Amino acid sequence: MISLPGLIGRVALMVPPLVLALFAGPKLVSGLSVDLAFPVPVFIVTGLQLPQSTYRQTYEVLSGAVDADPSVLITRAEAASRAGMPAAVAVALGREGLKASPAQTRGWLLMAQTVNPAMATRALTMSTYSGPFEYYSLSARVRVTQKLLPYLSGDDRSIALRQVKNFWSQDMFRRNLLQLMSSPGGPQLMSEALRDTPDDIRALNRWLAAESRKTIKRAAKKAEIPVMPRAH
């Protein structure tokens, strides 16, 4: 027969594992959910387009991350937005993530693409403050600026246009510049961003002309029909 002190001792030995399981269980489930969602969250960050059904599955999988950190909440919000779900779903998740971590650049960028224009302009500025030189965020931020430009004014407009200017002044963004310049409103947006630096405008025009010639040469070379050797 087990004595009362012995029983208490055995129960005491069981307490640490039970406490560990109680607190570690949700963490484990959350971690498994994030692992199952991989690599879609990476593709969301880089801007790679996937079928809406894939984003919907990612949204559902990440619902298991009950103890998720703010970045996971933002990823789930982005997945909801790309899946074509009601904007309110993405906004609610985005706000939850930003409440826990206001420095989430992608969270502010998501809000800039989802909420009404008056709020979106402030969210766009906050995304700049929290991550002005994040490569993928800056590229997306310029696209959002194109849509919000009619609503941007004052400091919000100046800050957004400085980000657009980085597409020219920072070499690592040059490959995105051609896409911007060929999009509706792109040339006008860049012209306004470089308005105070006419030398940059001239240099940009020379660069665009050179890139155009390269494109024409590549197309011509690709269109060449190889000459088969003569049979002897």
# chains A, B, ... in the order shown; residues from 1 in each chain; ligands from 1
>>> select_by_dssp(residues="segment 6-195 of chain A", states="helix (DSSP H, G or I)", output="ChimeraX atom specification")
/A:6-37,40-46,52-64,70-82,87-100,105-114,117-130,135-151,154-169,171-181,186-193
>>> residues_around(residues="Trp168 of chain A", least_positions_apart="2", cutoff="12 Å", atoms="only C-alpha atoms", output="PyMOL selection string")
chain A and resi 139+142+161-166+170-178+180-181+190-191+193-194+197+200-205+207-208
>>> closest_residue(among="A:Ser212, A:Thr75, A:Ser153, A:Gln57", to="Ser182 of chain A", atoms="only C-alpha atoms")
A:Ser212
>>> residues_around(residues="Ala80 of chain A", least_positions_apart="3", cutoff="10 Å", atoms="only C-alpha atoms", output="list in words")
Gln52, Tyr55, Arg56, Gln57, Thr58, Tyr59, Glu60, Ile74, Thr75, Arg76, Ala77, Ala83, Gly84, Met85, Pro86, Ala87, Ala88, Val89, Ala90, Val91 and Leu93 of chain A
>>> residues_around(residues="Ala160 of chain A", least_positions_apart="3", cutoff="12 Å", atoms="only C-alpha atoms", output="tab-separated table (two decimals) with N, CA and C atoms, in the first residue's frame")
chain	number	residue	atom	x	y	z
A	121	THR	N	-3.88	55.21	-47.54
A	121	THR	CA	-2.73	56.09	-47.71
A	121	THR	C	-1.87	56.13	-46.46
A	122	ARG	N	-2.50	56.12	-45.28
A	122	ARG	CA	-1.73	56.11	-44.03
A	122	ARG	C	-1.04	54.76	-43.85
A	123	ALA	N	-1.74	53.68	-44.21
A	123	ALA	CA	-1.13	52.35	-44.10
A	123	ALA	C	0.07	52.22	-45.02
A	124	LEU	N	-0.02	52.82	-46.21
A	124	LEU	CA	1.11	52.80	-47.15
A	124	LEU	C	2.32	53.51	-46.54
A	125	THR	N	2.09	54.65	-45.90
A	125	THR	CA	3.18	55.37	-45.25
A	125	THR	C	3.77	54.57	-44.11
A	126	MET	N	2.93	53.89	-43.33
A	126	MET	CA	3.42	53.08	-42.21
A	126	MET	C	4.26	51.91	-42.72
A	127	SER	N	3.89	51.36	-43.87
A	127	SER	CA	4.68	50.26	-44.42
A	127	SER	C	6.07	50.74	-44.83
A	128	THR	N	6.16	52.00	-45.23
A	128	THR	CA	7.45	52.58	-45.58
A	128	THR	C	8.29	52.82	-44.34
A	129	TYR	N	7.69	53.37	-43.31
A	129	TYR	CA	8.42	53.62	-42.06
A	129	TYR	C	8.97	52.33	-41.46
A	132	PRO	N	11.59	50.47	-45.11
A	132	PRO	CA	11.76	51.28	-46.34
A	132	PRO	C	12.54	50.60	-47.45
A	138	LEU	N	9.11	46.79	-51.13
A	138	LEU	CA	9.22	48.02	-51.89
A	138	LEU	C	8.60	47.85	-53.27
A	139	SER	N	8.84	46.72	-53.90
A	139	SER	CA	8.27	46.47	-55.23
A	139	SER	C	6.75	46.51	-55.17
A	140	ALA	N	6.18	45.85	-54.16
A	140	ALA	CA	4.72	45.85	-54.02
A	140	ALA	C	4.22	47.24	-53.64
A	141	ARG	N	5.00	47.96	-52.85
A	141	ARG	CA	4.60	49.30	-52.40
A	141	ARG	C	4.48	50.26	-53.59
A	142	VAL	N	5.37	50.12	-54.56
A	142	VAL	CA	5.30	50.98	-55.74
A	142	VAL	C	4.02	50.68	-56.53
A	143	ARG	N	3.66	49.40	-56.62
A	143	ARG	CA	2.43	49.05	-57.33
A	143	ARG	C	1.21	49.64	-56.62
A	144	VAL	N	1.22	49.61	-55.30
A	144	VAL	CA	0.11	50.19	-54.54
A	144	VAL	C	0.08	51.70	-54.73
A	145	THR	N	1.26	52.31	-54.79
A	145	THR	CA	1.33	53.77	-54.99
A	145	THR	C	0.67	54.17	-56.30
A	146	GLN	N	0.85	53.35	-57.35
A	146	GLN	CA	0.20	53.63	-58.63
A	146	GLN	C	-1.31	53.76	-58.48
A	147	LYS	N	-1.90	52.86	-57.66
A	147	LYS	CA	-3.35	52.86	-57.49
A	147	LYS	C	-3.82	53.99	-56.57
A	148	LEU	N	-3.00	54.31	-55.58
A	148	LEU	CA	-3.43	55.29	-54.58
A	148	LEU	C	-2.99	56.72	-54.89
A	149	LEU	N	-2.23	56.90	-55.96
A	149	LEU	CA	-1.66	58.23	-56.24
A	149	LEU	C	-2.71	59.35	-56.23
A	151	TYR	N	-5.13	59.72	-54.39
A	151	TYR	CA	-5.57	59.98	-53.02
A	151	TYR	C	-4.43	60.44	-52.11
A	152	LEU	N	-3.20	60.37	-52.61
A	152	LEU	CA	-2.04	60.73	-51.80
A	152	LEU	C	-1.79	62.22	-51.86
A	153	SER	N	-1.49	62.81	-50.71
A	153	SER	CA	-1.18	64.24	-50.67
A	153	SER	C	-0.22	64.51	-49.52
A	154	GLY	N	0.39	65.67	-49.53
A	154	GLY	CA	1.26	66.07	-48.44
A	154	GLY	C	2.43	65.12	-48.23
A	155	ASP	N	2.72	64.85	-46.95
A	155	ASP	CA	3.85	63.98	-46.60
A	155	ASP	C	3.66	62.56	-47.14
A	156	ASP	N	2.42	62.06	-47.12
A	156	ASP	CA	2.17	60.70	-47.62
A	156	ASP	C	2.59	60.58	-49.08
A	157	ARG	N	2.28	61.60	-49.87
A	157	ARG	CA	2.64	61.58	-51.29
A	157	ARG	C	4.15	61.67	-51.47
A	163	GLN	N	9.90	56.44	-52.53
A	163	GLN	CA	10.01	55.00	-52.71
A	163	GLN	C	10.04	54.65	-54.20
A	164	VAL	N	9.22	55.33	-54.99
A	164	VAL	CA	9.21	55.11	-56.44
A	164	VAL	C	10.57	55.45	-57.03
A	165	LYS	N	11.16	56.52	-56.54
A	165	LYS	CA	12.47	56.96	-57.04
A	165	LYS	C	13.53	55.90	-56.82
A	166	ASN	N	13.38	55.08	-55.77
A	166	ASN	CA	14.35	54.01	-55.50
A	166	ASN	C	14.41	52.99	-56.64
A	167	PHE	N	13.32	52.89	-57.40
A	167	PHE	CA	13.33	51.96	-58.54
A	167	PHE	C	14.40	52.36	-59.54
A	189	LEU	N	4.08	58.24	-63.24
A	189	LEU	CA	4.47	58.10	-61.83
A	189	LEU	C	5.96	58.32	-61.66
A	190	MET	N	6.77	57.72	-62.52
A	190	MET	CA	8.21	57.88	-62.43
A	190	MET	C	8.62	59.32	-62.75
A	192	GLU	N	6.97	62.02	-62.13
A	192	GLU	CA	6.71	62.84	-60.94
A	192	GLU	C	7.73	62.57	-59.85
A	193	ALA	N	8.13	61.29	-59.70
A	193	ALA	CA	9.11	60.95	-58.67
A	193	ALA	C	10.47	61.59	-58.94
>>> atom_distance(atom1="atom CA of Asp196 of chain A", atom2="atom CA of Tyr136 of chain A")
26.2 Å
>>> atom_distance(atom1="atom CA of Leu50 of chain A", atom2="atom CA of Arg82 of chain A")
8.8 Å
